[in-house]
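One structure below.
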Amino acid sequence: MSSARAERLVNLVLCLLSTRQFLPAERIRQIVPGYADARGDDAFFRMFERDKNELRELGVPLETGRRSSFDTVDGYRIARQDYELGDIELEPDEAAAVALAARLWDSPDLAVPAHSALVKLRAAGVEVDEDQGRVQPRVRTTEPAFAPLLAAVRAARAVTFEHRRGGPGGVVQRRTVEPWGVVSWRGRWYLAGHDRDRDAPRSFRVSRISEAVTPIGPAGAVTVPADVDLMAMVRRNVDPPAVTGTARVWVADSRAHGLRRLARAVGRYTHGGRPGDELELDLRNVETVARWLAGHGPDVAVLGPESLAAAVRANWAAAAAAHATRDLHADGRFPVSDHHVVVRPGRAGIGP
């Protein structure tokens, strides 16, 4: 719709709202700006018919009638009581919740819509107490990538960006995502959508996305599944999985202090002639725990379950294979310094 036609429709609505009588088409032609430019009567009536249909499709209650029995042509008006927004009644706690929600947004991108919502509620006669309660929540949107990601969600347009996995030293990867929404969870913002590279739904922490977010493809190309729950999707990807079992590990004396803080001490235990402690650890994800334990080398050994021990051995084998070509001796032997890998049923460890 052109700006000229949109302006003409607004003027037509204002004109028909301001009168209690039915206005004939010729009178509307004289009053409403834009109709005077019609070239001839036929052009005007075609234009007026299109505008009437447009208003009715938009839900405007356009009435047709005559001022008296002596009139020979129909007139038009909009009944104000049918057009205006009905009374909005909020309980005190609901009004306080609206005020808190408006105060929640302190970013330039979201402050204006929140303020506009309050203005509309007050214009409708709803008292919104912004001073109710002592809690002043804040959801900060200082990440540079937030604004372009939110714009891509609104435009239903795919984006590409660089995402850093893990902490500051994590691997940076280029990702292409169909954005479904931007969600706040536990004080952090996450982009939820369909990862084209993995061909699966994924979520990405916005603070780990570089500022160069590039839209690709046409607007309106992204379709959000009707049954998707973005909050549940982010929660599944971010929160730790449920405990599925217990891992038993041996830890050498004065080693692996981080592991000790998360585990429960069972008793003293000697492994490979080295004194240490037997610990119990909640097992949530075997692969994740295996990577963690494998990094401790000879200071940790898995006592159970066997699936965890096998996963630790697999991590060591992968590390050995990655360095085999570079570190092989001339005679083909792989150097393991002063230690060698020990593999026993129900055990995974490194011994002298």
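Ordering of the structure tokens sets the chain letters (A, B, ...); residue numbers start at 1 within each chain; ligands are numbered from 1 in the order shown.
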Distance query Arg80 of chain A at most 12 Å, only C-alpha atoms, self and fewer than 4 positions along chain excluded, as a ChimeraX atom specification = /A:13-20,60-63,84-86
Selection above as a file: N, CA and C atoms, as an mmCIF file, in the first residue's frame:
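Ended up saving to out_16.cif:
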```
data_model
loop_
_atom_site.group_PDB
_atom_site.id
_atom_site.type_symbol
_atom_site.label_atom_id
_atom_site.label_comp_id
_atom_site.auth_asym_id
_atom_site.auth_seq_id
_atom_site.Cartn_x
_atom_site.Cartn_y
_atom_site.Cartn_z
ATOM 1 N N VAL A 13 -11.238 7.449 7.736
ATOM 2 C CA VAL A 13 -11.689 6.945 9.030
ATOM 3 C C VAL A 13 -11.967 8.097 9.987
ATOM 4 N N LEU A 14 -11.080 9.091 10.032
ATOM 5 C CA LEU A 14 -11.280 10.236 10.921
ATOM 6 C C LEU A 14 -12.542 11.014 10.546
ATOM 7 N N CYS A 15 -12.778 11.133 9.252
ATOM 8 C CA CYS A 15 -13.964 11.853 8.798
ATOM 9 C C CYS A 15 -15.243 11.128 9.202
ATOM 10 N N LEU A 16 -15.291 9.819 9.000
ATOM 11 C CA LEU A 16 -16.501 9.060 9.297
ATOM 12 C C LEU A 16 -16.702 8.855 10.799
ATOM 13 N N LEU A 17 -15.626 8.951 11.569
ATOM 14 C CA LEU A 17 -15.763 8.868 13.019
ATOM 15 C C LEU A 17 -16.294 10.163 13.620
ATOM 16 N N SER A 18 -16.015 11.276 12.956
ATOM 17 C CA SER A 18 -16.342 12.585 13.529
ATOM 18 C C SER A 18 -17.780 13.022 13.268
ATOM 19 N N THR A 19 -18.538 12.229 12.535
ATOM 20 C CA THR A 19 -19.916 12.618 12.222
ATOM 21 C C THR A 19 -20.907 11.617 12.777
ATOM 22 N N ARG A 20 -22.069 12.096 13.184
ATOM 23 C CA ARG A 20 -23.138 11.209 13.625
ATOM 24 C C ARG A 20 -24.110 10.908 12.499
ATOM 25 N N VAL A 60 -12.913 -2.459 10.203
ATOM 26 C CA VAL A 60 -13.554 -1.192 10.561
ATOM 27 C C VAL A 60 -15.060 -1.323 10.349
ATOM 28 N N PRO A 61 -15.867 -1.053 11.385
ATOM 29 C CA PRO A 61 -17.337 -1.213 11.260
ATOM 30 C C PRO A 61 -17.964 -0.072 10.468
ATOM 31 N N LEU A 62 -17.900 -0.164 9.157
ATOM 32 C CA LEU A 62 -18.448 0.868 8.279
ATOM 33 C C LEU A 62 -19.949 0.634 8.107
ATOM 34 N N GLU A 63 -20.743 1.640 8.451
ATOM 35 C CA GLU A 63 -22.196 1.539 8.354
ATOM 36 C C GLU A 63 -22.699 2.272 7.122
ATOM 37 N N GLU A 84 -14.148 1.861 18.813
ATOM 38 C CA GLU A 84 -13.180 2.132 19.859
ATOM 39 C C GLU A 84 -12.893 0.884 20.692
ATOM 40 N N LEU A 85 -11.715 0.878 21.279
ATOM 41 C CA LEU A 85 -11.314 -0.217 22.149
ATOM 42 C C LEU A 85 -12.175 -0.230 23.394
ATOM 43 N N GLY A 86 -12.597 -1.432 23.792
ATOM 44 C CA GLY A 86 -13.414 -1.564 24.991
ATOM 45 C C GLY A 86 -12.638 -1.247 26.255
#
```
Any idea what's packed within 8 Å of Ala290 of chain A, counting only C-alpha atoms, ignoring anything in its chain fewer than 5 positions away? Could you give it as a PyMOL selection string?
-> chain A and resi 308-309+311-312+315
So which residues of segment 185-242 of chain A fall under helix (DSSP H, G or I) by DSSP, listed as a ChimeraX atom specification?
-> /A:206-208,230-238
Could the residues in this selection be saved with N, CA and C atoms as an mmCIF file, in the first residue's frame?
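New file result.cif:
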```
data_model
loop_
_atom_site.group_PDB
_atom_site.id
_atom_site.type_symbol
_atom_site.label_atom_id
_atom_site.label_comp_id
_atom_site.auth_asym_id
_atom_site.auth_seq_id
_atom_site.Cartn_x
_atom_site.Cartn_y
_atom_site.Cartn_z
ATOM 1 N N VAL A 206 23.978 -15.124 22.986
ATOM 2 C CA VAL A 206 24.196 -13.922 22.182
ATOM 3 C C VAL A 206 25.548 -13.284 22.499
ATOM 4 N N SER A 207 26.000 -13.358 23.741
ATOM 5 C CA SER A 207 27.279 -12.750 24.109
ATOM 6 C C SER A 207 28.458 -13.434 23.438
ATOM 7 N N ARG A 208 28.259 -14.631 22.892
ATOM 8 C CA ARG A 208 29.335 -15.342 22.201
ATOM 9 C C ARG A 208 29.238 -15.213 20.689
ATOM 10 N N LEU A 230 10.204 -21.937 22.576
ATOM 11 C CA LEU A 230 11.557 -21.410 22.568
ATOM 12 C C LEU A 230 12.202 -21.474 23.946
ATOM 13 N N MET A 231 11.430 -21.164 24.992
ATOM 14 C CA MET A 231 11.995 -21.204 26.335
ATOM 15 C C MET A 231 12.415 -22.615 26.714
ATOM 16 N N ALA A 232 11.569 -23.598 26.424
ATOM 17 C CA ALA A 232 11.923 -24.989 26.720
ATOM 18 C C ALA A 232 13.115 -25.439 25.892
ATOM 19 N N MET A 233 13.202 -24.959 24.661
ATOM 20 C CA MET A 233 14.313 -25.307 23.783
ATOM 21 C C MET A 233 15.636 -24.796 24.349
ATOM 22 N N VAL A 234 15.658 -23.548 24.786
ATOM 23 C CA VAL A 234 16.876 -22.984 25.377
ATOM 24 C C VAL A 234 17.199 -23.680 26.685
ATOM 25 N N ARG A 235 16.182 -23.951 27.483
ATOM 26 C CA ARG A 235 16.406 -24.599 28.775
ATOM 27 C C ARG A 235 17.031 -25.979 28.598
ATOM 28 N N ARG A 236 16.588 -26.731 27.609
ATOM 29 C CA ARG A 236 17.164 -28.062 27.367
ATOM 30 C C ARG A 236 18.620 -27.966 26.962
ATOM 31 N N ASN A 237 18.970 -26.967 26.169
ATOM 32 C CA ASN A 237 20.335 -26.844 25.674
ATOM 33 C C ASN A 237 21.281 -26.244 26.703
ATOM 34 N N VAL A 238 20.749 -25.451 27.638
ATOM 35 C CA VAL A 238 21.604 -24.725 28.578
ATOM 36 C C VAL A 238 21.710 -25.425 29.918
#
```
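Neighbours of Val172 of chain A closer than or equal to 8 Å, with only C-alpha atoms counted and sequence neighbours fewer than 6 positions away skipped, come out as Glu162, His163, Arg164 and Arg165 of chain A.
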Members of segment 142-325 of chain A assigned strand (DSSP E or B) by DSSP, as a VMD selection string = chain A and resid 158 to 164 172 to 185 188 to 195 200 to 205 209 214 to 216 245 to 252 264 to 271 274 to 283 300 to 304
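In terms of minimum interatomic distance to Val222 of chain A, A:Ala152 ranks closest within A:Ala242, A:Leu262, A:Ala152, A:Leu303, counting only C-alpha atoms.
The residue that comes closest to Arg46 of chain A, out of A:Ala25, A:Ser184, A:Glu211, A:Asp82 and on the basis of only C-alpha atoms, is A:Ala25.
Using only C-alpha atoms, the smallest distance between any of A:Gly65, A:Pro33, A:Gly220, A:Pro225 and His194 of chain A comes from A:Pro225.
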